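Colleague: Can you read through this structure? Questions will come right after.
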Amino acid sequence: MKETIQLKQENLSRFAETMVVPTYDRSKVKTGIVHIGVGGFHRSHEAYYTNALMNETGTLDWGICGVGLREGDRKMRDILKDQDFLYTLIVKHPDGKVETQVMGSIIDFMLSVDDPMAVIDKMANEETKIVSLTITEGGYNFHPATGEFMLDNPDVQHDLVNPDQPKLVFGFLTAALKKRRDSGLPPFTVQSCDNVQHNGDMTKKMLLAFAGKQDPELAEWIEAHVKFPNAMVDRITPVTTPDDIELLKTDFGILDGWPCTCEPFCQWVIEDNFSNGRPEWEAVGAQFVLDVTPYEKMKIRLLNAGHSVLGLLGSIHGHETIDGAVSDPLFAKYLRAFMDAEATPVLDAVEGIDLDVYKDSLIERFSNPSIKDGLARICLESSAKLPKFLIATINENLATGGSIKYATLVIAAWCLYSDKGVNRHGDALDIVDEMKDELRRAAEGTGDDALAFLRIESLFGDLAGNERFTTLYTEMVNAIYEDPDIARLMEKSLADI
Ligand code: CS2
C-alpha cells in the first residue's frame, strides 16, 4: 500500500513529484484579499485563479485570508488550519481523467463568531485591497420581489446598534470601511462572486442601505469612494464526498481533510472597476470587460436556471444528479426547449458569443458523468434562487407574449416539492431552504386554492394576478397533485404547440 502523507506545508516537497504544488514562497505572501464565505466555489474559482497567478507570475501581494461568518464555518476552518490552509483541487474530466493540484493561495482563515473585531481589523489593514464575497444569493438580504434591503431582518437590527459586534456581512464592511476612512486609508474594493445579476451594484445598494441607517455620512463616503465591480462567475463545484478524500489517499497518498472537486471549465468575467488596485487575473484566464451585464444575464438565465429546471423536475421524478437527469432523453429535450423557447428570447446579444454554441456547451458540461452534482445541492435555497433565475424569465415572457409553459411547470413542481417533500415514488427529499416552513405552509393550501403557493408575494410578486400565467399554472398544479408523474406533464408541454 502507498504511504500516506498529511497535506501540510512542511510535506509539500514530498508531493511535488506526483502533483502540481505551489512554487511560490508562501511565507512571503501578503494578504491582499479578505474573502467572506470559503466554501467549495471560492476554492475552485477565485482561490484557484489567485493560486495560478502566484505560480505563474510570482506576484505575492494577493494572498487570501478566509473569513467565516457562521458557526457552521468552524469545521472548514479547523480542517484547513490543520493543513496550513492548503487543499487539493480535484478537476474531473468527462472521460474519467482526474487532475489534482495543491492550492496555496489561502494563507489564513478567521471566524468572526470568535472575534468580530479581529475580522474588522483585518479588513481595515492597509495590506487588504479587496474584500470579496461568496455569501450565496440569500446573503445579500434583498427582498426577492422588490429588490430592496430588508431592514426588519433581526440580525440587521442587531448589527445597526452593535457596530463592533456585527453578525452579517454589511455590518463588517461598514465597520471596516469606517476604520479605513478615519485613518486616512483608501477603501478596499468590495467584490461579489455570487450568482446575482449585477452582483456589484446589488452589493453596493445593500451596503448603502445598511450604512445609511447606521452612519449616513459614512454612507456618502462609501458611495463616493468604494468600487463594487460586477462579475459573472462560473465553475460547477459539487459537494465534496468521502470518495474524493479516499481517492486522494489511495491514488496519490495524500491525506487531505477537505479537498475541493470541480469541472474543468472555468470562467470569470469582471468589470474593471476597482478602488485600490487588483491582481492581474487576466494573466491566468479571467476576462476584464467594461460591462458584464450581458454575460451575467446569459449565465444566470441559462446555466443556473437550467440547473433549477433539472433540479426540481428531476427531484420529483427520482433523479439524483444533474448528469443523471440530463442523460434522460426527456429531460435533455425539455431543458433545451426551455432554453430555446423561453430563456433565449429574453436575453441580450453577447458580443463574440454564439448562444447556440453556449447552450450546447452547457449541456455537455451538465452531462459530465464524473461530476455527480447532486440535485439536493441544486435545489438548496431555491427561494433565494428562483426569483432571479427563473421567475424573472417568466415575467419578461409575460410582458412580450413569449412562451411560459416550460418554466411554469417548474413552479408547479416546486409547489408539490415544498408541500410533500417526497419524489414520485414517495422517497423523502432533503430540502434545505430558509423559507422551507413558509413554502410548505403556502403549498399545503393548494387543495383549497390552486394559487395558494403563488400568494407568497415576496417570491412571486403579482404573478397570482396575471391571468395568462394563473390559467396555465392552475392546470399544471392540479395535474401534478392528481398524479406526480412529472414525465407525463413534461411530455405534454413538449407536445403542445
Ligand atoms: C447552481 C450553481 O447553485 C446552483 O443552483 O446552479 O451553484 C452553479 O453550479 C454555479 O453557478 C456554476 O457556475
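By convention in this document, the chains of the C-alpha cells carry letters A, B, ... by their order, each chain's residues are numbered from 1, and ligands are numbered from 1 in the order they are shown.
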Within 9 Å of ligand 1, counting only C-alpha atoms and all ligand atoms: which residues, as a PDB file with N, CA, C and O atoms, in the first residue's frame?
Modeller:
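And here's out21.pdb as it stands now:
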ATOM      1  N   PHE A  41     -17.111  26.704  -3.858  1.00  0.00           N
ATOM      2  CA  PHE A  41     -16.987  27.561  -5.040  1.00  0.00           C
ATOM      3  C   PHE A  41     -15.817  28.541  -4.943  1.00  0.00           C
ATOM      4  O   PHE A  41     -15.066  28.725  -5.898  1.00  0.00           O
ATOM      5  N   THR A 136     -23.672  33.497  -0.964  1.00  0.00           N
ATOM      6  CA  THR A 136     -24.870  32.915  -1.583  1.00  0.00           C
ATOM      7  C   THR A 136     -25.931  33.997  -1.857  1.00  0.00           C
ATOM      8  O   THR A 136     -25.909  35.077  -1.265  1.00  0.00           O
ATOM      9  N   GLU A 137     -26.850  33.638  -2.718  1.00  0.00           N
ATOM     10  CA  GLU A 137     -27.883  34.589  -3.157  1.00  0.00           C
ATOM     11  C   GLU A 137     -28.617  35.173  -1.948  1.00  0.00           C
ATOM     12  O   GLU A 137     -28.942  36.356  -1.905  1.00  0.00           O
ATOM     13  N   ASP A 194     -20.976  36.118  -6.381  1.00  0.00           N
ATOM     14  CA  ASP A 194     -22.178  35.289  -6.290  1.00  0.00           C
ATOM     15  C   ASP A 194     -23.005  35.408  -7.568  1.00  0.00           C
ATOM     16  O   ASP A 194     -22.884  36.374  -8.321  1.00  0.00           O
ATOM     17  N   ASN A 195     -23.886  34.415  -7.729  1.00  0.00           N
ATOM     18  CA  ASN A 195     -24.750  34.389  -8.912  1.00  0.00           C
ATOM     19  C   ASN A 195     -25.955  35.305  -8.729  1.00  0.00           C
ATOM     20  O   ASN A 195     -27.090  34.859  -8.658  1.00  0.00           O
ATOM     21  N   MET A 232     -19.362  38.023 -13.644  1.00  0.00           N
ATOM     22  CA  MET A 232     -20.005  36.738 -13.925  1.00  0.00           C
ATOM     23  C   MET A 232     -19.009  35.667 -13.527  1.00  0.00           C
ATOM     24  O   MET A 232     -17.856  35.695 -13.955  1.00  0.00           O
ATOM     25  N   VAL A 233     -19.458  34.764 -12.668  1.00  0.00           N
ATOM     26  CA  VAL A 233     -18.559  33.713 -12.163  1.00  0.00           C
ATOM     27  C   VAL A 233     -19.101  32.359 -12.599  1.00  0.00           C
ATOM     28  O   VAL A 233     -20.309  32.160 -12.637  1.00  0.00           O
ATOM     29  N   ASP A 234     -18.220  31.437 -12.928  1.00  0.00           N
ATOM     30  CA  ASP A 234     -18.738  30.142 -13.388  1.00  0.00           C
ATOM     31  C   ASP A 234     -17.738  29.008 -13.227  1.00  0.00           C
ATOM     32  O   ASP A 234     -16.652  29.036 -13.812  1.00  0.00           O
ATOM     33  N   ARG A 235     -18.100  28.041 -12.454  1.00  0.00           N
ATOM     34  CA  ARG A 235     -17.423  26.741 -12.413  1.00  0.00           C
ATOM     35  C   ARG A 235     -18.300  25.801 -11.580  1.00  0.00           C
ATOM     36  O   ARG A 235     -18.588  26.100 -10.411  1.00  0.00           O
ATOM     37  N   ILE A 236     -18.712  24.722 -12.163  1.00  0.00           N
ATOM     38  CA  ILE A 236     -19.573  23.785 -11.430  1.00  0.00           C
ATOM     39  C   ILE A 236     -18.733  23.057 -10.383  1.00  0.00           C
ATOM     40  O   ILE A 236     -17.705  22.441 -10.711  1.00  0.00           O
ATOM     41  N   THR A 237     -19.180  23.166  -9.143  1.00  0.00           N
ATOM     42  CA  THR A 237     -18.405  22.670  -7.999  1.00  0.00           C
ATOM     43  C   THR A 237     -19.327  21.859  -7.092  1.00  0.00           C
ATOM     44  O   THR A 237     -20.022  22.419  -6.255  1.00  0.00           O
ATOM     45  N   PRO A 238     -19.366  20.559  -7.280  1.00  0.00           N
ATOM     46  CA  PRO A 238     -20.273  19.763  -6.444  1.00  0.00           C
ATOM     47  C   PRO A 238     -19.770  19.675  -5.000  1.00  0.00           C
ATOM     48  O   PRO A 238     -18.639  20.073  -4.710  1.00  0.00           O
ATOM     49  N   CYS A 266     -13.938  26.809 -16.542  1.00  0.00           N
ATOM     50  CA  CYS A 266     -13.842  27.868 -15.540  1.00  0.00           C
ATOM     51  C   CYS A 266     -13.945  29.220 -16.247  1.00  0.00           C
ATOM     52  O   CYS A 266     -13.275  29.435 -17.266  1.00  0.00           O
ATOM     53  N   GLN A 267     -14.779  30.103 -15.760  1.00  0.00           N
ATOM     54  CA  GLN A 267     -14.917  31.422 -16.398  1.00  0.00           C
ATOM     55  C   GLN A 267     -15.140  32.499 -15.345  1.00  0.00           C
ATOM     56  O   GLN A 267     -15.855  32.294 -14.352  1.00  0.00           O
ATOM     57  N   LYS A 299     -25.607  33.792 -18.250  1.00  0.00           N
ATOM     58  CA  LYS A 299     -25.215  32.666 -17.399  1.00  0.00           C
ATOM     59  C   LYS A 299     -26.311  32.308 -16.396  1.00  0.00           C
ATOM     60  O   LYS A 299     -26.651  31.140 -16.221  1.00  0.00           O
ATOM     61  N   ILE A 300     -26.861  33.318 -15.761  1.00  0.00           N
ATOM     62  CA  ILE A 300     -27.873  33.049 -14.730  1.00  0.00           C
ATOM     63  C   ILE A 300     -29.144  32.466 -15.344  1.00  0.00           C
ATOM     64  O   ILE A 300     -29.721  31.512 -14.835  1.00  0.00           O
ATOM     65  N   LEU A 303     -27.542  28.795 -17.501  1.00  0.00           N
ATOM     66  CA  LEU A 303     -26.916  27.746 -16.678  1.00  0.00           C
ATOM     67  C   LEU A 303     -27.659  27.554 -15.356  1.00  0.00           C
ATOM     68  O   LEU A 303     -28.134  26.474 -15.050  1.00  0.00           O
ATOM     69  N   ASN A 304     -27.755  28.615 -14.561  1.00  0.00           N
ATOM     70  CA  ASN A 304     -28.354  28.438 -13.232  1.00  0.00           C
ATOM     71  C   ASN A 304     -29.829  28.056 -13.339  1.00  0.00           C
ATOM     72  O   ASN A 304     -30.298  27.161 -12.626  1.00  0.00           O
ATOM     73  N   ALA A 305     -30.553  28.715 -14.251  1.00  0.00           N
ATOM     74  CA  ALA A 305     -31.969  28.362 -14.414  1.00  0.00           C
ATOM     75  C   ALA A 305     -32.077  26.935 -14.935  1.00  0.00           C
ATOM     76  O   ALA A 305     -32.935  26.162 -14.501  1.00  0.00           O
ATOM     77  N   GLY A 306     -31.192  26.564 -15.862  1.00  0.00           N
ATOM     78  CA  GLY A 306     -31.214  25.203 -16.410  1.00  0.00           C
ATOM     79  C   GLY A 306     -31.006  24.185 -15.296  1.00  0.00           C
ATOM     80  O   GLY A 306     -31.676  23.149 -15.232  1.00  0.00           O
ATOM     81  N   HIS A 307     -30.103  24.503 -14.383  1.00  0.00           N
ATOM     82  CA  HIS A 307     -29.886  23.641 -13.221  1.00  0.00           C
ATOM     83  C   HIS A 307     -31.176  23.510 -12.409  1.00  0.00           C
ATOM     84  O   HIS A 307     -31.555  22.416 -12.002  1.00  0.00           O
ATOM     85  N   SER A 308     -31.856  24.634 -12.179  1.00  0.00           N
ATOM     86  CA  SER A 308     -33.078  24.585 -11.359  1.00  0.00           C
ATOM     87  C   SER A 308     -34.180  23.796 -12.064  1.00  0.00           C
ATOM     88  O   SER A 308     -34.943  23.077 -11.408  1.00  0.00           O
ATOM     89  N   GLY A 311     -33.208  20.367 -11.588  1.00  0.00           N
ATOM     90  CA  GLY A 311     -33.190  20.075 -10.157  1.00  0.00           C
ATOM     91  C   GLY A 311     -34.578  19.783  -9.617  1.00  0.00           C
ATOM     92  O   GLY A 311     -34.796  18.759  -8.955  1.00  0.00           O
ATOM     93  N   ASP A 373     -23.084  16.020  -9.712  1.00  0.00           N
ATOM     94  CA  ASP A 373     -23.580  17.188  -8.976  1.00  0.00           C
ATOM     95  C   ASP A 373     -24.987  16.858  -8.457  1.00  0.00           C
ATOM     96  O   ASP A 373     -25.924  16.689  -9.237  1.00  0.00           O
ATOM     97  N   LEU A 375     -28.737  16.802  -7.023  1.00  0.00           N
ATOM     98  CA  LEU A 375     -29.880  17.711  -7.178  1.00  0.00           C
ATOM     99  C   LEU A 375     -30.208  18.385  -5.848  1.00  0.00           C
ATOM    100  O   LEU A 375     -30.779  19.472  -5.821  1.00  0.00           O
ATOM    101  N   ARG A 377     -28.068  19.738  -3.863  1.00  0.00           N
ATOM    102  CA  ARG A 377     -27.292  20.991  -3.858  1.00  0.00           C
ATOM    103  C   ARG A 377     -27.963  22.029  -4.760  1.00  0.00           C
ATOM    104  O   ARG A 377     -28.067  23.204  -4.425  1.00  0.00           O
ATOM    105  N   ILE A 378     -28.428  21.560  -5.917  1.00  0.00           N
ATOM    106  CA  ILE A 378     -29.035  22.486  -6.872  1.00  0.00           C
ATOM    107  C   ILE A 378     -30.302  23.114  -6.284  1.00  0.00           C
ATOM    108  O   ILE A 378     -30.566  24.301  -6.470  1.00  0.00           O
ATOM    109  N   CYS A 379     -31.091  22.289  -5.568  1.00  0.00           N
ATOM    110  CA  CYS A 379     -32.374  22.790  -5.043  1.00  0.00           C
ATOM    111  C   CYS A 379     -32.221  23.518  -3.707  1.00  0.00           C
ATOM    112  O   CYS A 379     -33.190  24.086  -3.199  1.00  0.00           O
ATOM    113  N   LEU A 380     -31.013  23.489  -3.152  1.00  0.00           N
ATOM    114  CA  LEU A 380     -30.724  24.178  -1.887  1.00  0.00           C
ATOM    115  C   LEU A 380     -31.085  25.660  -2.013  1.00  0.00           C
ATOM    116  O   LEU A 380     -30.684  26.308  -2.986  1.00  0.00           O
ATOM    117  N   GLU A 381     -31.851  26.169  -1.068  1.00  0.00           N
ATOM    118  CA  GLU A 381     -32.215  27.595  -1.057  1.00  0.00           C
ATOM    119  C   GLU A 381     -32.855  28.042  -2.368  1.00  0.00           C
ATOM    120  O   GLU A 381     -32.562  29.124  -2.885  1.00  0.00           O
ATOM    121  N   SER A 382     -33.758  27.238  -2.881  1.00  0.00           N
ATOM    122  CA  SER A 382     -34.434  27.627  -4.127  1.00  0.00           C
ATOM    123  C   SER A 382     -35.157  28.964  -3.985  1.00  0.00           C
ATOM    124  O   SER A 382     -35.277  29.710  -4.948  1.00  0.00           O
ATOM    125  N   LYS A 385     -33.011  31.590  -5.083  1.00  0.00           N
ATOM    126  CA  LYS A 385     -32.509  31.480  -6.453  1.00  0.00           C
ATOM    127  C   LYS A 385     -33.579  31.726  -7.515  1.00  0.00           C
ATOM    128  O   LYS A 385     -33.355  32.448  -8.490  1.00  0.00           O
ATOM    129  N   LEU A 386     -34.740  31.061  -7.334  1.00  0.00           N
ATOM    130  CA  LEU A 386     -35.705  31.067  -8.443  1.00  0.00           C
ATOM    131  C   LEU A 386     -36.213  32.452  -8.851  1.00  0.00           C
ATOM    132  O   LEU A 386     -36.433  32.686 -10.038  1.00  0.00           O
ATOM    133  N   PHE A 389     -33.389  33.503 -11.146  1.00  0.00           N
ATOM    134  CA  PHE A 389     -33.000  32.551 -12.189  1.00  0.00           C
ATOM    135  C   PHE A 389     -34.160  32.300 -13.156  1.00  0.00           C
ATOM    136  O   PHE A 389     -33.966  32.196 -14.364  1.00  0.00           O
TER     137      PHE A 389
END
Colleague: For the interface of region 154-178 of chain A with region 56-77 of chain A (cut-off 9 Å, counting only C-alpha atoms), please tabulate each contacting residue of region 154-178 of chain A alongside its nearest pair of atoms and their separation in Å to one decimal, rows sorted by chain and increasing number, as CSV.
Modeller:
residue,atom,partner,partner_atom,distance
A:Lys167,CA,A:Leu69,CA,6.8
A:Leu168,CA,A:Leu69,CA,7.1
A:Val169,CA,A:Leu69,CA,7.7
Colleague: Have a look at CA of Glu46 (chain A) and CA of Leu173 (chain A) and let me know their distance in Å, one decimal.
Modeller: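 Interatomic distance here is 19.5 Å.
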Colleague: Using only C-alpha atoms, which residues sit within 9 Å of Asn478 (chain A) once same-chain residues fewer than 2 positions away are excluded, as a ChimeraX atom specification?
Modeller: /A:412,446-447,450,473-476,480-483
Colleague: Can I get the selection written as a JSON list (two decimals), in the first residue's frame, with all heavy atoms?
Modeller:
[["chain", "number", "residue", "atom", "x", "y", "z"],
["A", 412, "ALA", "N", -44.91, 24.83, -10.66],
["A", 412, "ALA", "CA", -45.91, 23.88, -10.14],
["A", 412, "ALA", "C", -45.19, 22.72, -9.43],
["A", 412, "ALA", "O", -45.61, 22.27, -8.36],
["A", 412, "ALA", "CB", -46.79, 23.37, -11.27],
["A", 446, "THR", "N", -52.85, 24.37, -1.48],
["A", 446, "THR", "CA", -53.18, 24.22, -2.91],
["A", 446, "THR", "C", -54.50, 23.50, -3.16],
["A", 446, "THR", "O", -55.23, 23.86, -4.09],
["A", 446, "THR", "CB", -52.01, 23.49, -3.63],
["A", 446, "THR", "OG1", -50.81, 24.21, -3.37],
["A", 446, "THR", "CG2", -52.23, 23.42, -5.14],
["A", 447, "GLY", "N", -54.82, 22.51, -2.31],
["A", 447, "GLY", "CA", -56.06, 21.76, -2.50],
["A", 447, "GLY", "C", -57.30, 22.67, -2.48],
["A", 447, "GLY", "O", -58.22, 22.51, -3.28],
["A", 450, "ALA", "N", -55.97, 26.80, -5.70],
["A", 450, "ALA", "CA", -54.88, 26.37, -6.60],
["A", 450, "ALA", "C", -53.72, 27.36, -6.63],
["A", 450, "ALA", "O", -52.58, 27.00, -6.89],
["A", 450, "ALA", "CB", -55.42, 26.16, -8.01],
["A", 473, "TYR", "N", -50.85, 27.74, -14.86],
["A", 473, "TYR", "CA", -50.33, 27.21, -13.60],
["A", 473, "TYR", "C", -51.39, 26.33, -12.92],
["A", 473, "TYR", "O", -51.09, 25.24, -12.43],
["A", 473, "TYR", "CB", -49.90, 28.37, -12.68],
["A", 473, "TYR", "CG", -49.49, 27.91, -11.30],
["A", 473, "TYR", "CD1", -48.20, 27.43, -11.06],
["A", 473, "TYR", "CD2", -50.39, 27.94, -10.23],
["A", 473, "TYR", "CE1", -47.82, 26.99, -9.80],
["A", 473, "TYR", "CE2", -50.03, 27.50, -8.97],
["A", 473, "TYR", "CZ", -48.73, 27.02, -8.75],
["A", 473, "TYR", "OH", -48.37, 26.59, -7.50],
["A", 474, "THR", "N", -52.64, 26.81, -12.90],
["A", 474, "THR", "CA", -53.72, 26.06, -12.24],
["A", 474, "THR", "C", -53.87, 24.69, -12.88],
["A", 474, "THR", "O", -53.95, 23.66, -12.20],
["A", 474, "THR", "CB", -55.05, 26.84, -12.34],
["A", 474, "THR", "OG1", -54.85, 28.13, -11.78],
["A", 474, "THR", "CG2", -56.18, 26.14, -11.62],
["A", 475, "GLU", "N", -53.84, 24.70, -14.20],
["A", 475, "GLU", "CA", -53.98, 23.42, -14.92],
["A", 475, "GLU", "C", -52.83, 22.48, -14.54],
["A", 475, "GLU", "O", -53.03, 21.30, -14.24],
["A", 475, "GLU", "CB", -53.89, 23.77, -16.41],
["A", 475, "GLU", "CG", -54.37, 22.72, -17.37],
["A", 475, "GLU", "CD", -54.07, 23.22, -18.79],
["A", 475, "GLU", "OE1", -54.65, 24.27, -19.20],
["A", 475, "GLU", "OE2", -53.22, 22.61, -19.43],
["A", 476, "MET", "N", -51.63, 23.04, -14.49],
["A", 476, "MET", "CA", -50.46, 22.18, -14.22],
["A", 476, "MET", "C", -50.42, 21.72, -12.78],
["A", 476, "MET", "O", -50.10, 20.56, -12.49],
["A", 476, "MET", "CB", -49.17, 22.94, -14.57],
["A", 476, "MET", "CG", -48.99, 23.09, -16.07],
["A", 476, "MET", "SD", -47.54, 24.08, -16.42],
["A", 476, "MET", "CE", -47.37, 23.75, -18.19],
["A", 480, "ILE", "N", -50.47, 17.87, -11.48],
["A", 480, "ILE", "CA", -49.34, 17.29, -10.74],
["A", 480, "ILE", "C", -49.78, 16.77, -9.37],
["A", 480, "ILE", "O", -49.25, 15.79, -8.86],
["A", 480, "ILE", "CB", -48.22, 18.35, -10.65],
["A", 480, "ILE", "CG1", -46.86, 17.71, -10.64],
["A", 480, "ILE", "CG2", -48.31, 19.22, -9.48],
["A", 480, "ILE", "CD1", -45.77, 18.74, -10.70],
["A", 481, "TYR", "N", -50.76, 17.43, -8.76],
["A", 481, "TYR", "CA", -51.28, 16.95, -7.48],
["A", 481, "TYR", "C", -52.10, 15.66, -7.68],
["A", 481, "TYR", "O", -52.13, 14.80, -6.81],
["A", 481, "TYR", "CB", -52.11, 18.02, -6.76],
["A", 481, "TYR", "CG", -51.27, 18.87, -5.83],
["A", 481, "TYR", "CD1", -50.37, 19.80, -6.32],
["A", 481, "TYR", "CD2", -51.34, 18.70, -4.44],
["A", 481, "TYR", "CE1", -49.57, 20.56, -5.48],
["A", 481, "TYR", "CE2", -50.54, 19.45, -3.58],
["A", 481, "TYR", "CZ", -49.66, 20.39, -4.11],
["A", 481, "TYR", "OH", -48.86, 21.12, -3.27],
["A", 482, "GLU", "N", -52.72, 15.58, -8.85],
["A", 482, "GLU", "CA", -53.52, 14.38, -9.14],
["A", 482, "GLU", "C", -52.61, 13.19, -9.36],
["A", 482, "GLU", "O", -52.86, 12.09, -8.90],
["A", 482, "GLU", "CB", -54.31, 14.65, -10.41],
["A", 482, "GLU", "CG", -55.67, 14.02, -10.44],
["A", 482, "GLU", "CD", -56.48, 14.71, -11.51],
["A", 482, "GLU", "OE1", -57.09, 15.76, -11.22],
["A", 482, "GLU", "OE2", -56.43, 14.19, -12.64],
["A", 483, "ASP", "N", -51.50, 13.44, -10.07],
["A", 483, "ASP", "CA", -50.58, 12.35, -10.38],
["A", 483, "ASP", "C", -49.17, 12.95, -10.53],
["A", 483, "ASP", "O", -48.91, 13.66, -11.49],
["A", 483, "ASP", "CB", -51.02, 11.69, -11.70],
["A", 483, "ASP", "CG", -50.06, 10.58, -12.10],
["A", 483, "ASP", "OD1", -49.05, 10.36, -11.41],
["A", 483, "ASP", "OD2", -50.32, 9.95, -13.15]]
Colleague: Which residues come within 12 Å of region 217-223 of chain A, counting only C-alpha atoms, excluding same-chain residues fewer than 4 positions away, as an NGL selection string?
Modeller: :A and (170 or 173-182 or 186-190 or 201 or 203-213 or 227-228 or 275)
Colleague: Using the selection just defined, write its residues with C-alpha atoms as a PDB file, in the first residue's frame.
Modeller:
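Contents of part_16.pdb, freshly written:
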ATOM      1  CA  PHE A 170     -22.824  44.557   5.798  1.00  0.00           C
ATOM      2  CA  LEU A 173     -17.938  46.047   5.685  1.00  0.00           C
ATOM      3  CA  THR A 174     -19.341  49.214   7.238  1.00  0.00           C
ATOM      4  CA  ALA A 175     -17.196  48.962  10.378  1.00  0.00           C
ATOM      5  CA  ALA A 176     -14.024  48.235   8.400  1.00  0.00           C
ATOM      6  CA  LEU A 177     -14.617  50.976   5.848  1.00  0.00           C
ATOM      7  CA  LYS A 178     -15.227  53.428   8.697  1.00  0.00           C
ATOM      8  CA  LYS A 179     -11.885  52.494  10.233  1.00  0.00           C
ATOM      9  CA  ARG A 180     -10.136  52.987   6.930  1.00  0.00           C
ATOM     10  CA  ARG A 181     -11.740  56.351   6.315  1.00  0.00           C
ATOM     11  CA  ASP A 182     -10.927  57.523   9.844  1.00  0.00           C
ATOM     12  CA  PRO A 186      -8.008  54.247   0.744  1.00  0.00           C
ATOM     13  CA  PRO A 187     -11.020  51.929   0.783  1.00  0.00           C
ATOM     14  CA  PHE A 188     -10.884  48.326  -0.356  1.00  0.00           C
ATOM     15  CA  THR A 189     -12.892  47.128  -3.320  1.00  0.00           C
ATOM     16  CA  VAL A 190     -15.975  45.085  -2.435  1.00  0.00           C
ATOM     17  CA  ASP A 201     -24.446  47.017  -7.987  1.00  0.00           C
ATOM     18  CA  THR A 203     -23.894  44.721  -3.033  1.00  0.00           C
ATOM     19  CA  LYS A 204     -23.475  48.485  -3.228  1.00  0.00           C
ATOM     20  CA  LYS A 205     -27.189  49.103  -2.903  1.00  0.00           C
ATOM     21  CA  MET A 206     -27.475  46.793   0.112  1.00  0.00           C
ATOM     22  CA  LEU A 207     -24.381  48.198   1.821  1.00  0.00           C
ATOM     23  CA  LEU A 208     -25.531  51.776   1.306  1.00  0.00           C
ATOM     24  CA  ALA A 209     -28.954  50.927   2.718  1.00  0.00           C
ATOM     25  CA  PHE A 210     -27.329  49.480   5.845  1.00  0.00           C
ATOM     26  CA  ALA A 211     -24.612  52.099   6.285  1.00  0.00           C
ATOM     27  CA  GLY A 212     -27.115  54.877   5.525  1.00  0.00           C
ATOM     28  CA  LYS A 213     -29.134  53.801   8.567  1.00  0.00           C
ATOM     29  CA  LYS A 227     -15.968  50.385  -6.077  1.00  0.00           C
ATOM     30  CA  PHE A 228     -18.128  47.310  -6.478  1.00  0.00           C
ATOM     31  CA  SER A 275     -10.884  51.116  -5.712  1.00  0.00           C
TER      32      SER A 275
END
